[in-house]
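Peer 1: This is input_24.cif, which holds mmCIF, C-alpha atoms:
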```cif
data_structure
loop_
_atom_site.label_atom_id
_atom_site.label_comp_id
_atom_site.auth_asym_id
_atom_site.auth_seq_id
_atom_site.Cartn_x
_atom_site.Cartn_y
_atom_site.Cartn_z
CA MET A 1 135.16 240.06 79.70
CA PHE A 2 135.25 236.25 79.94
CA LYS A 3 134.66 236.53 83.70
CA TYR A 4 131.54 238.63 83.06
CA LEU A 5 130.26 236.13 80.51
CA ILE A 6 130.66 233.23 82.95
CA SER A 7 128.93 235.20 85.71
CA ILE A 8 126.03 236.08 83.39
CA VAL A 9 125.49 232.45 82.42
CA GLY A 10 125.77 231.23 86.01
CA PHE A 11 123.47 233.92 87.38
CA SER A 12 120.74 233.31 84.81
CA ILE A 13 120.84 229.53 85.30
CA CYS A 14 120.57 229.87 89.08
CA LEU A 15 117.77 232.42 88.80
CA PHE A 16 115.72 230.23 86.51
CA ALA A 17 116.33 227.18 88.63
CA ASN A 18 115.08 228.96 91.73
CA GLU A 19 112.08 230.75 90.24
CA PHE A 20 110.77 228.64 87.41
CA GLU A 21 112.40 225.22 87.83
CA ASN A 22 112.65 224.87 84.06
CA PRO A 23 115.74 224.43 81.86
CA ASN A 24 117.67 227.48 80.72
CA LEU A 25 116.85 228.03 77.03
CA THR A 26 118.90 231.17 76.42
CA TYR A 27 121.71 229.53 74.47
CA THR A 28 119.62 226.89 72.71
CA TRP A 29 118.43 227.22 69.10
CA VAL A 30 114.98 228.28 70.29
CA GLY A 31 116.53 230.93 72.55
CA PHE A 32 118.47 232.49 69.68
CA ALA A 33 115.50 232.05 67.31
CA THR A 34 113.23 233.96 69.71
CA LEU A 35 115.74 236.81 69.93
CA ILE A 36 116.20 236.97 66.15
CA ILE A 37 112.44 236.88 65.56
CA PHE A 38 112.03 239.79 67.97
CA ILE A 39 114.74 241.86 66.26
CA VAL A 40 113.33 241.24 62.77
CA GLY A 41 109.78 241.94 63.92
CA TYR A 42 110.94 245.09 65.71
CA TYR A 43 112.50 246.27 62.44
CA PHE A 44 109.18 246.01 60.62
CA VAL A 45 107.33 247.70 63.48
CA ALA A 46 109.81 250.58 63.40
CA ASN A 47 109.50 250.88 59.60
CA GLU A 48 105.70 250.86 59.47
CA GLU A 49 105.66 253.78 57.03
CA LYS A 50 108.32 252.36 54.72
CA TYR A 51 106.55 249.05 54.13
CA ASN A 52 103.00 250.37 54.56
CA LEU A 53 102.43 247.55 57.01
CA ASP A 54 100.40 248.19 60.15
CA LYS A 55 102.56 247.73 63.24
CA SER A 56 100.09 245.25 64.72
CA VAL A 57 100.82 242.69 61.99
CA PRO A 58 104.52 242.02 62.75
CA ALA A 59 103.85 242.42 66.47
CA LEU A 60 101.16 239.74 66.45
CA PHE A 61 103.25 237.39 64.31
CA ILE A 62 106.38 237.49 66.45
CA GLY A 63 104.37 237.22 69.68
CA ILE A 64 102.35 234.19 68.63
CA PHE A 65 105.11 232.46 66.66
CA SER A 66 107.70 232.78 69.44
CA PHE A 67 105.58 230.89 71.95
CA LEU A 68 104.70 228.25 69.35
CA LEU A 69 108.42 227.68 68.72
CA ILE A 70 109.08 227.30 72.45
CA ALA A 71 106.23 224.79 72.74
CA VAL A 72 107.64 222.80 69.79
CA TYR A 73 111.08 222.77 71.42
CA TYR A 74 109.65 221.45 74.69
CA TYR A 75 107.59 218.82 72.90
CA THR A 76 110.40 217.52 70.67
CA ASN A 77 112.87 217.38 73.58
CA GLY A 78 110.55 215.56 75.95
CA LEU A 79 110.36 218.47 78.41
CA ASP A 80 107.39 219.33 80.62
CA ILE A 81 105.04 221.15 78.23
CA HIS A 82 102.95 222.31 81.20
CA LEU A 83 105.68 224.84 82.02
CA VAL A 84 105.06 226.54 78.69
CA HIS A 85 101.32 226.28 79.26
CA ASN A 86 101.60 227.95 82.68
CA GLU A 87 103.82 230.73 81.33
CA ALA A 88 101.42 231.35 78.43
CA GLU A 89 98.57 231.67 80.91
CA LYS A 90 100.54 234.26 82.89
CA VAL A 91 101.16 236.23 79.70
CA ILE A 92 97.48 235.97 78.71
CA LEU A 93 96.47 237.29 82.14
CA GLU A 94 98.85 240.23 81.81
CA ILE A 95 97.59 240.94 78.30
CA ALA A 96 93.94 240.67 79.37
CA GLU A 97 94.41 243.18 82.18
CA ILE A 98 95.94 245.75 79.84
CA PHE A 99 93.66 244.84 76.91
CA PHE A 100 90.39 245.40 78.77
CA PHE A 101 91.74 248.49 80.53
CA LEU A 102 92.49 250.02 77.12
CA PHE A 103 89.23 248.75 75.69
CA VAL A 104 87.12 250.59 78.26
CA ALA A 105 89.22 253.76 78.08
CA MET A 106 88.89 253.85 74.29
CA THR A 107 85.14 253.19 74.48
CA TYR A 108 84.69 256.21 76.75
CA ILE A 109 86.76 258.38 74.44
CA GLU A 110 84.75 257.34 71.37
CA SER A 111 81.54 257.98 73.30
CA LEU A 112 82.71 261.47 74.26
CA LEU A 113 83.68 262.11 70.64
CA HIS A 114 80.20 261.13 69.52
CA MET A 115 78.68 263.47 72.08
CA ARG A 116 80.86 266.33 70.78
CA VAL A 117 82.69 266.89 74.06
CA PHE A 118 86.04 267.34 72.35
CA ASP A 119 84.54 269.63 69.72
CA ALA A 120 83.32 271.86 72.54
CA LEU A 121 86.73 271.72 74.22
CA LYS A 122 88.44 272.58 70.94
CA TYR A 123 86.11 275.55 70.45
CA ASN A 124 86.78 276.84 73.97
CA LEU A 125 90.54 276.60 73.43
CA VAL A 126 90.80 277.97 69.90
CA SER A 127 88.09 280.64 70.18
CA ARG A 128 90.14 282.41 72.83
CA GLY A 129 92.80 283.18 70.27
CA TYR A 130 95.48 280.90 71.66
CA SER A 131 98.45 280.37 69.37
CA TYR A 132 99.74 276.94 68.38
CA ARG A 133 102.58 277.37 70.85
CA LYS A 134 100.24 278.24 73.73
CA LEU A 135 98.05 275.27 72.86
CA PHE A 136 101.21 273.15 72.88
CA TRP A 137 102.00 274.19 76.45
CA LEU A 138 98.40 273.96 77.61
CA THR A 139 97.84 270.38 76.40
CA GLY A 140 101.23 269.30 77.76
CA LEU A 141 100.65 270.69 81.24
CA ILE A 142 97.18 269.16 81.39
CA ALA A 143 98.73 265.79 80.48
CA PHE A 144 101.44 266.15 83.12
CA PHE A 145 99.03 266.83 85.98
CA LEU A 146 96.22 264.54 84.83
CA SER A 147 98.29 261.37 84.41
CA PRO A 148 99.14 260.98 88.15
CA ILE A 149 95.39 260.87 88.87
CA ALA A 150 94.19 258.83 85.92
CA ASP A 151 97.10 257.05 84.24
CA ASN A 152 99.53 257.93 81.47
CA LEU A 153 97.76 255.95 78.73
CA THR A 154 94.23 257.28 79.31
CA THR A 155 95.63 260.80 79.65
CA ALA A 156 97.58 260.51 76.40
CA LEU A 157 94.54 259.18 74.53
CA ILE A 158 92.33 262.03 75.76
CA LEU A 159 94.83 264.79 74.91
CA ALA A 160 95.70 263.23 71.54
CA THR A 161 92.01 263.37 70.69
CA VAL A 162 91.96 267.04 71.66
CA LEU A 163 94.96 267.65 69.37
CA ILE A 164 93.38 266.04 66.34
CA THR A 165 90.18 268.04 66.84
CA ILE A 166 92.17 271.29 67.02
CA GLU A 167 94.23 270.61 63.90
CA LYS A 168 94.15 267.68 61.46
CA ASN A 169 96.91 268.53 58.95
CA ASN A 170 99.52 270.89 60.39
CA LYS A 171 102.40 268.53 61.25
CA GLU A 172 104.58 271.38 62.51
CA PHE A 173 102.09 271.67 65.36
CA LEU A 174 100.83 268.08 65.67
CA VAL A 175 104.13 266.17 65.81
CA PRO A 176 105.88 268.22 68.55
CA SER A 177 102.59 268.46 70.45
CA ALA A 178 102.03 264.69 70.27
CA ILE A 179 105.56 264.05 71.56
CA ASN A 180 104.97 266.64 74.27
CA ILE A 181 101.83 264.82 75.42
CA VAL A 182 103.60 261.43 75.50
CA VAL A 183 106.56 262.83 77.47
CA ALA A 184 104.26 264.77 79.83
CA ALA A 185 101.99 261.78 80.49
CA ASN A 186 104.93 259.47 81.20
CA ALA A 187 106.77 262.02 83.35
CA GLY A 188 103.62 262.90 85.27
CA GLY A 189 102.86 259.23 85.89
CA ALA A 190 106.38 258.59 87.21
CA TRP A 191 105.88 260.50 90.47
CA SER A 192 102.56 258.83 91.34
CA PRO A 193 102.25 255.25 92.66
CA PHE A 194 99.33 254.63 90.29
CA GLY A 195 100.22 257.03 87.48
CA ASP A 196 102.05 254.32 85.54
CA ILE A 197 101.94 250.54 85.56
CA THR A 198 105.65 250.42 86.41
CA THR A 199 105.30 252.66 89.47
CA LEU A 200 102.26 250.66 90.52
CA MET A 201 104.27 247.43 90.29
CA THR A 202 107.10 248.95 92.34
CA TRP A 203 104.71 250.24 94.99
CA THR A 204 102.72 247.02 95.39
CA ALA A 205 105.98 245.06 95.58
CA GLY A 206 106.83 247.02 98.73
CA LYS A 207 109.90 248.77 97.29
CA GLY A 208 108.72 252.16 98.47
CA ASP A 209 105.98 253.85 100.47
CA PHE A 210 103.30 256.06 98.90
CA THR A 211 105.17 259.23 99.87
CA ASP A 212 108.49 257.98 98.47
CA PHE A 213 107.17 258.38 94.94
CA LEU A 214 106.14 261.98 95.59
CA TYR A 215 109.82 262.82 96.07
CA LEU A 216 110.27 262.13 92.34
CA PHE A 217 108.19 265.22 91.51
CA PRO A 218 111.20 267.59 91.08
CA ALA A 219 113.06 265.17 88.79
CA SER A 220 109.96 264.43 86.71
CA THR A 221 108.94 268.08 86.47
CA VAL A 222 112.29 269.61 85.54
CA GLY A 223 113.07 266.86 83.05
CA TYR A 224 109.72 267.32 81.34
CA LEU A 225 110.01 271.13 81.24
CA ILE A 226 113.44 270.88 79.58
CA THR A 227 112.07 268.65 76.84
CA ALA A 228 108.91 270.74 76.44
CA PHE A 229 110.90 273.97 76.14
CA LEU A 230 113.11 272.49 73.42
CA LEU A 231 110.14 271.07 71.53
CA SER A 232 108.22 274.34 71.76
CA ARG A 233 110.90 276.04 69.67
CA PHE A 234 109.66 274.03 66.68
CA VAL A 235 105.98 274.89 67.15
CA PRO A 236 104.72 277.81 65.02
CA LYS A 237 103.66 280.98 66.79
CA SER A 238 100.72 281.47 64.48
CA GLN A 239 97.11 280.77 65.41
CA PRO A 240 94.78 278.09 64.07
CA ILE A 241 92.45 279.34 61.36
CA PHE A 242 89.30 280.19 63.25
CA ASN A 243 86.59 282.76 62.72
CA VAL A 244 84.38 283.19 65.76
CA GLU A 245 81.63 284.80 63.69
CA GLU A 246 81.56 282.01 61.08
CA GLU A 247 82.12 279.06 63.38
CA VAL A 248 79.05 277.68 65.07
CA LYS A 249 79.69 276.94 68.70
CA PRO A 250 79.30 273.18 69.12
CA LYS A 251 76.83 272.03 71.69
CA MET A 252 77.50 268.92 73.70
CA ALA A 253 74.85 266.24 73.40
CA ILE A 254 72.35 265.70 76.19
CA GLY A 255 73.92 263.46 78.81
CA ALA A 256 77.54 264.32 77.88
CA ARG A 257 78.34 265.73 81.31
CA MET A 258 77.00 262.56 82.92
CA VAL A 259 79.26 260.47 80.68
CA ILE A 260 82.22 262.60 81.77
CA ALA A 261 81.26 262.01 85.40
CA LEU A 262 80.96 258.27 84.73
CA GLY A 263 84.44 258.37 83.22
CA PHE A 264 85.88 259.74 86.47
CA ILE A 265 83.88 257.18 88.45
CA THR A 266 85.34 254.47 86.22
CA LEU A 267 88.90 255.61 86.89
CA LEU A 268 88.15 255.79 90.62
CA SER A 269 86.69 252.28 90.44
CA ALA A 270 89.87 251.03 88.78
CA ILE A 271 92.01 252.54 91.54
CA ILE A 272 89.80 251.18 94.33
CA SER A 273 89.58 247.81 92.61
CA HIS A 274 93.35 247.44 92.49
CA GLN A 275 94.56 249.27 95.57
CA ILE A 276 91.92 248.34 98.12
CA LEU A 277 90.17 245.20 96.87
CA ASP A 278 93.32 243.65 95.35
CA PHE A 279 91.55 243.08 92.03
CA PRO A 280 93.06 243.86 88.61
CA ALA A 281 92.50 247.50 87.62
CA MET A 282 90.55 246.36 84.56
CA TRP A 283 87.86 244.96 86.87
CA GLY A 284 87.02 248.48 87.98
CA MET A 285 87.18 249.66 84.38
CA MET A 286 84.72 246.97 83.29
CA PHE A 287 82.41 248.05 86.11
CA GLY A 288 82.58 251.57 84.67
CA LEU A 289 81.74 250.18 81.23
CA THR A 290 78.68 248.53 82.75
CA LEU A 291 77.57 251.87 84.19
CA LEU A 292 78.05 253.50 80.78
CA LYS A 293 75.94 250.80 79.11
CA ILE A 294 73.14 251.24 81.66
CA TYR A 295 73.16 255.00 81.15
CA SER A 296 73.24 254.52 77.38
CA HIS A 297 70.14 252.34 77.65
CA ARG A 298 68.35 255.09 79.54
CA LEU A 299 69.30 257.73 76.95
CA THR A 300 68.25 255.43 74.10
CA ARG A 301 64.79 254.88 75.56
CA LYS A 302 64.32 258.60 76.09
CA TYR A 303 65.98 260.19 73.03
CA GLY A 304 66.52 257.41 70.49
CA ASP A 305 69.36 255.17 69.37
CA ASP A 306 71.53 257.98 67.96
CA GLN A 307 71.97 259.69 71.32
CA LEU A 308 74.56 257.22 72.64
CA ASN A 309 75.19 253.70 71.41
CA VAL A 310 78.05 252.07 73.34
CA PHE A 311 78.43 249.24 70.84
CA ARG A 312 78.88 251.73 68.01
CA ALA A 313 81.55 253.44 70.08
CA MET A 314 83.28 250.06 70.54
CA ALA A 315 83.20 249.50 66.77
CA LYS A 316 85.23 252.70 66.25
CA ILE A 317 88.02 251.68 68.66
CA GLU A 318 91.57 251.56 67.25
CA ASN A 319 91.80 247.77 67.29
CA ASN A 320 95.27 247.79 65.76
CA THR A 321 96.54 249.40 68.97
CA LEU A 322 95.04 246.59 71.04
CA MET A 323 96.47 243.94 68.71
CA PHE A 324 99.87 245.60 68.83
CA PHE A 325 99.92 245.35 72.62
CA PHE A 326 98.87 241.71 72.45
CA GLY A 327 101.77 240.84 70.15
CA ILE A 328 104.42 242.89 71.95
CA LEU A 329 103.54 241.61 75.41
CA ALA A 330 103.48 238.05 74.07
CA VAL A 331 106.94 238.25 72.48
CA VAL A 332 108.37 239.96 75.56
CA GLY A 333 106.91 237.15 77.66
CA ALA A 334 108.66 234.68 75.36
CA LEU A 335 111.97 236.56 75.69
CA TYR A 336 111.62 236.47 79.45
CA PHE A 337 110.72 232.78 79.47
CA VAL A 338 113.79 231.75 77.47
CA GLY A 339 115.99 233.91 79.69
CA TRP A 340 117.09 236.95 77.73
CA LEU A 341 115.50 239.59 79.96
CA THR A 342 116.54 237.92 83.18
CA LEU A 343 120.06 237.57 81.82
CA LEU A 344 120.45 241.32 81.89
CA SER A 345 119.88 241.53 85.65
CA VAL A 346 123.46 240.45 86.41
CA VAL A 347 124.61 243.97 85.53
CA TYR A 348 123.35 245.08 88.96
CA ASN A 349 126.34 243.36 90.53
CA PRO A 350 128.79 245.97 91.88
CA ASP A 351 131.66 244.47 89.88
CA VAL A 352 129.74 244.93 86.61
CA LEU A 353 127.74 248.18 86.35
CA GLY A 354 126.18 248.52 89.78
CA PRO A 355 122.67 249.74 90.67
CA THR A 356 122.84 253.38 89.49
CA TRP A 357 124.16 252.79 85.98
CA SER A 358 122.01 249.68 85.61
CA ASN A 359 118.87 251.61 86.53
CA ILE A 360 119.80 254.33 84.05
CA CYS A 361 120.16 251.65 81.36
CA VAL A 362 116.71 250.30 82.30
CA GLY A 363 115.24 253.49 80.84
CA PHE A 364 116.86 252.85 77.47
CA LEU A 365 115.81 249.20 77.54
CA SER A 366 112.26 250.24 78.42
CA ALA A 367 112.13 252.34 75.26
CA ILE A 368 113.10 249.36 73.11
CA VAL A 369 111.22 246.52 74.75
CA ASP A 370 108.44 248.07 76.90
CA ASN A 371 108.69 249.36 80.44
CA VAL A 372 106.20 246.89 81.98
CA PRO A 373 108.07 243.60 81.29
CA VAL A 374 111.42 245.28 81.95
CA MET A 375 110.23 246.42 85.38
CA SER A 376 108.76 242.97 85.95
CA ALA A 377 112.15 241.41 85.20
CA VAL A 378 113.90 243.79 87.61
CA LEU A 379 111.40 243.07 90.40
CA LYS A 380 111.68 239.30 89.92
CA ALA A 381 115.47 239.43 89.90
CA ASN A 382 115.15 241.59 93.05
CA PRO A 383 118.67 243.10 93.17
CA ASP A 384 119.85 244.36 96.54
CA MET A 385 118.98 248.08 96.39
CA ASN A 386 117.89 250.76 98.84
CA THR A 387 114.77 252.89 98.46
CA SER A 388 116.54 255.66 96.53
CA GLN A 389 117.66 253.16 93.88
CA TRP A 390 114.16 251.68 93.59
CA MET A 391 112.84 255.21 93.07
CA LEU A 392 115.46 255.73 90.37
CA VAL A 393 114.40 252.61 88.46
CA ALA A 394 110.74 253.64 88.83
CA LEU A 395 111.69 257.01 87.36
CA THR A 396 113.80 255.69 84.48
CA ALA A 397 111.43 252.87 83.55
CA GLY A 398 108.51 255.29 83.61
CA ILE A 399 109.99 258.11 81.54
CA GLY A 400 112.48 256.04 79.53
CA GLY A 401 109.67 254.75 77.33
CA SER A 402 109.30 258.25 75.90
CA LEU A 403 112.62 257.91 74.07
CA ILE A 404 110.95 255.83 71.33
CA SER A 405 107.40 256.31 70.07
CA PHE A 406 106.22 252.80 70.95
CA GLY A 407 108.35 252.42 74.09
CA SER A 408 105.36 253.18 76.30
CA ALA A 409 101.63 252.61 76.34
CA ALA A 410 101.09 256.35 76.01
CA GLY A 411 103.20 256.50 72.85
CA VAL A 412 101.44 253.57 71.22
CA GLY A 413 98.06 255.04 72.07
CA VAL A 414 98.94 258.40 70.49
CA MET A 415 100.34 256.66 67.40
CA GLY A 416 96.94 255.01 66.97
CA LYS A 417 95.09 258.31 67.33
CA LEU A 418 97.40 260.31 65.02
CA ARG A 419 98.06 257.56 62.50
CA GLY A 420 100.34 258.68 59.68
CA ILE A 421 101.25 261.87 61.55
CA TYR A 422 102.86 260.77 64.81
CA THR A 423 105.10 257.91 63.72
CA PHE A 424 108.36 256.26 64.71
CA SER A 425 110.39 258.38 62.29
CA SER A 426 108.70 261.67 63.18
CA HIS A 427 109.30 260.93 66.87
CA MET A 428 112.97 260.09 66.37
CA ARG A 429 113.64 263.48 64.77
CA TYR A 430 113.10 265.02 68.20
CA ALA A 431 114.53 262.19 70.30
CA TRP A 432 117.53 264.31 71.24
CA ALA A 433 115.26 266.72 73.15
CA ILE A 434 113.70 263.82 75.04
CA LEU A 435 117.14 262.42 75.83
CA LEU A 436 118.26 265.75 77.30
CA GLY A 437 115.17 265.77 79.52
CA TYR A 438 115.86 262.18 80.56
CA ILE A 439 119.44 263.05 81.53
CA THR A 440 118.20 266.11 83.43
CA SER A 441 115.72 264.01 85.42
CA ILE A 442 118.51 261.62 86.44
CA ALA A 443 120.76 264.55 87.41
CA ILE A 444 117.99 266.02 89.60
CA TRP A 445 117.47 262.61 91.21
CA TYR A 446 121.18 262.30 91.97
CA PHE A 447 121.40 265.81 93.43
CA GLN A 448 118.30 265.32 95.60
CA PHE A 449 118.59 261.66 96.67
CA ILE A 450 122.37 261.17 96.84
CA PHE A 451 123.97 264.58 97.27
CA LEU A 452 121.35 266.26 99.51
CA ASN A 453 119.91 262.97 100.85
CA ILE A 454 116.36 264.35 100.61
CA HIS A 455 113.94 261.44 100.28
#
```
Any chance you could put this one into structure tokens?
Peer 2:
Amino acid sequence: MFKYLISIVGFSICLFANEFENPNLTYTWVGFATLIIFIVGYYFVANEEKYNLDKSVPALFIGIFSFLLIAVYYYTNGLDIHLVHNEAEKVILEIAEIFFFLFVAMTYIESLLHMRVFDALKYNLVSRGYSYRKLFWLTGLIAFFLSPIADNLTTALILATVLITIEKNNKEFLVPSAINIVVAANAGGAWSPFGDITTLMTWTAGKGDFTDFLYLFPASTVGYLITAFLLSRFVPKSQPIFNVEEEVKPKMAIGARMVIALGFITLLSAIISHQILDFPAMWGMMFGLTLLKIYSHRLTRKYGDDQLNVFRAMAKIENNTLMFFFGILAVVGALYFVGWLTLLSVVYNPDVLGPTWSNICVGFLSAIVDNVPVMSAVLKANPDMNTSQWMLVALTAGIGGSLISFGSAAGVGVMGKLRGIYTFSSHMRYAWAILLGYITSIAIWYFQFIFLNIH
């Protein structure tokens, strides 16, 4: 054990010296303070219901306060404060990319809500006499196959909106269905190079070709289906209360189909922006927001201000979700800067855990911290692994976030949409089903990549 401790300390010091050229802060008072602040803040985030405190409040506090503490430590010890400044700018850039991506996606969703698109979708689903259980499977499968094209967060937000328009109070249907959408979106995004931020990072880092990720389809699919089957057992077989004769079929507003088309153009712009033009994905999203604003102006001149007002849609956005991401990404950046995340990379050494077990553990760590910074830490540490191992870490980091409600962007987004219904505690009641699916995905990966050598 002492040998492992010495190797951890030595590895982290060397890694920081080579990459950041700043002193190792892990075992200083500010290093321990940052870790303690994160744990305490995480406790309040996890117990949002108990303390009736919105999760964005503790997240923002620990994110902002952690970096302020690090800056104070540098200043009082005569260290180069510009290192903290540069790291804060990197974190701000990462936050801005995610922030504006979410901002545009949420604006489109609110616009579609206003134009009654989801009311029409709900009517088409429920009026056919589908049971709660069939609706559970239908929304889950849509999420699984839509997320590789769009992304897991946007997919989860869209399907969560569909859920809440189908049923607003029945938790026996809403909670398992919300978990199903989160798991489906994350699993579907894991086998696409641009279905999840973590797979995108792995792909652009050159750790695998485009087709390498497609080989993860069996592991992602079977793992998801196992979880979905187990969750479906808790969904009632009854049908939503719906009388076709009494219900008036909702009519989508004029221009709704064009807004849907602009939404797909926006997603395509984000992909082209990042993959071809080497711009952040949010640049393409902001271009799509510009198109929406132009079209809104045209509708306003022709039909009046109530037809589509983009700024009103922005005002209805779940800002607490955006603030939560700001705080979490900031505190994770602080943890990485002081050395705690990088410290964990030594477990990839063959005499500790080795690549396979370490990559499996990445999934659990992704659920607790967030899969994006965890994957970033793995890529920066750059352990010596072959393509099959890089595909494993892409798989585990992508789907591991489903183990906890706020372990992934998709989960956080759905929590914002189904506030008070889909929560940390309601998610954890079914965590065992997600864990079984996670284990199944890893087993399929091992059988395919290692035993059969198909990749």
Peer 1: Which one of A:Ile64, A:Val84, A:Ile95, A:Ala160 sits closest to A:Leu418 if you count all atoms listed in the file?
Peer 2: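 Distance minimum relative to A:Leu418 lands on A:Ala160.
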Peer 1: Once the PyMOL selection byres ((chain A and resi 268) around 12) has been applied to the shown file, what residues remain in the selection, as a short mmCIF file (atom, residue, chain, number, x, y, z; two decimals) with C-alpha atoms, in the frame of the given file?
Peer 2:
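Wrote it out as part-v5.cif, contents follow:
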```
data_model
loop_
_atom_site.label_atom_id
_atom_site.label_comp_id
_atom_site.auth_asym_id
_atom_site.auth_seq_id
_atom_site.Cartn_x
_atom_site.Cartn_y
_atom_site.Cartn_z
CA ILE A 149 95.39 260.87 88.87
CA ALA A 150 94.19 258.83 85.92
CA ASP A 151 97.10 257.05 84.24
CA PHE A 194 99.33 254.63 90.29
CA ALA A 261 81.26 262.01 85.40
CA LEU A 262 80.96 258.27 84.73
CA GLY A 263 84.44 258.37 83.22
CA PHE A 264 85.88 259.74 86.47
CA ILE A 265 83.88 257.18 88.45
CA THR A 266 85.34 254.47 86.22
CA LEU A 267 88.90 255.61 86.89
CA SER A 269 86.69 252.28 90.44
CA ALA A 270 89.87 251.03 88.78
CA ILE A 271 92.01 252.54 91.54
CA ILE A 272 89.80 251.18 94.33
CA SER A 273 89.58 247.81 92.61
CA HIS A 274 93.35 247.44 92.49
CA GLN A 275 94.56 249.27 95.57
CA ILE A 276 91.92 248.34 98.12
CA ALA A 281 92.50 247.50 87.62
CA MET A 282 90.55 246.36 84.56
CA TRP A 283 87.86 244.96 86.87
CA GLY A 284 87.02 248.48 87.98
CA MET A 285 87.18 249.66 84.38
CA MET A 286 84.72 246.97 83.29
CA PHE A 287 82.41 248.05 86.11
CA GLY A 288 82.58 251.57 84.67
#
```
Peer 1: So that I can see what lies close to A:Asn359, please list as number ranges by chain the residues with an atom at most 9 Å from it, counting all atoms listed in the file and leaving out residues fewer than 3 positions away in the same chain.
Peer 2: A: 348, 354-356, 362-363, 389-390, 392-394, 396-397
Peer 1: Would you mind telling me which residue in A:Leu53, A:Ile254, A:Ala59, A:Leu153 lies nearest to A:Lys302 when using all atoms listed in the file?
Peer 2: A:Ile254
Peer 1: Can you pull out the residues contacting stretch 448-451 of chain A? Cut-off 10 Å, using all atoms listed in the file, and skip same-chain residues under 3 positions away; I want them as an NGL selection string.
Peer 2: :A and (215-216 or 218-219 or 387-389 or 391-392 or 442-445 or 454-455)
Peer 1: Taking all atoms listed in the file into account, which of A:Phe144, A:Tyr130, A:Trp203, A:Tyr446 comes nearest A:Leu379?
Peer 2: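 Comparing A:Phe144, A:Tyr130, A:Trp203, A:Tyr446 against A:Leu379, the winner is A:Trp203.
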Peer 1: Can you tell me which residues surround A:Met252 at a distance of at most 12 Å, considering all atoms listed in the file, apart from same-chain residues fewer than 3 positions away, and format the answer as a short mmCIF file (atom, residue, chain, number, x, y, z; two decimals) with C-alpha atoms, in the frame of the given file?
Peer 2:
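For reference, selection15.cif as written:
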```cif
data_model
loop_
_atom_site.label_atom_id
_atom_site.label_comp_id
_atom_site.auth_asym_id
_atom_site.auth_seq_id
_atom_site.Cartn_x
_atom_site.Cartn_y
_atom_site.Cartn_z
CA SER A 111 81.54 257.98 73.30
CA LEU A 112 82.71 261.47 74.26
CA LEU A 113 83.68 262.11 70.64
CA HIS A 114 80.20 261.13 69.52
CA MET A 115 78.68 263.47 72.08
CA ARG A 116 80.86 266.33 70.78
CA VAL A 117 82.69 266.89 74.06
CA PHE A 118 86.04 267.34 72.35
CA ASP A 119 84.54 269.63 69.72
CA ALA A 120 83.32 271.86 72.54
CA LEU A 121 86.73 271.72 74.22
CA LYS A 122 88.44 272.58 70.94
CA TYR A 123 86.11 275.55 70.45
CA LYS A 249 79.69 276.94 68.70
CA GLY A 255 73.92 263.46 78.81
CA ALA A 256 77.54 264.32 77.88
CA ARG A 257 78.34 265.73 81.31
CA MET A 258 77.00 262.56 82.92
CA VAL A 259 79.26 260.47 80.68
CA ILE A 260 82.22 262.60 81.77
CA GLN A 307 71.97 259.69 71.32
#
```
Peer 1: Grab the atom CA of A:Thr202 to atom CA of A:Ile179 distance for me, in Å with one decimal place.
Peer 2: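 Spanning atom CA of A:Thr202 to atom CA of A:Ile179 is a straight-line distance of 25.7 Å.
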Peer 1: Using the chain letters and numbers from this file, what does the PyMOL selection byres ((chain A and resi 231) around 12) select? Give the answer as a count of residues only.
Peer 2: 38
Peer 1: Please identify all polymer residues within 8 Å of A:Gly31, counting all atoms listed in the file, omitting same-chain residues fewer than 4 positions from it, and present them as a list in words.
Peer 2: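 Within the cut-off, the hits are Leu25, Thr26, Tyr27, Leu35, Leu335, Val338, Gly339 and Trp340 of chain A.
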Peer 1: Give me, please, the distance in Å between atom CA of A:Leu93 and atom CA of A:Gly333, quoted to one decimal.
Peer 2: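 Computing it gives 11.4 Å between the two atoms.
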Peer 1: So how far away is atom CA of A:Tyr74 from atom CA of A:Leu365, in Å?
Peer 2: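 According to the coordinates, atom CA of A:Leu365 and atom CA of A:Tyr74 are separated by 28.6 Å.
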Peer 1: Residues picked by the PyMOL selection byres ((chain A and resi 402) around 9) here, as a list in words?
Peer 2: Ile179, Val182, Val183, Asn186, Ala187, Ser366, Ala367, Gly398, Ile399, Gly400, Gly401, Leu403, Ile404, Ser405, Phe406, Gly407, Ser408, Ala410, Gly411, Ala431, Ile434, Leu435 and Tyr438 of chain A
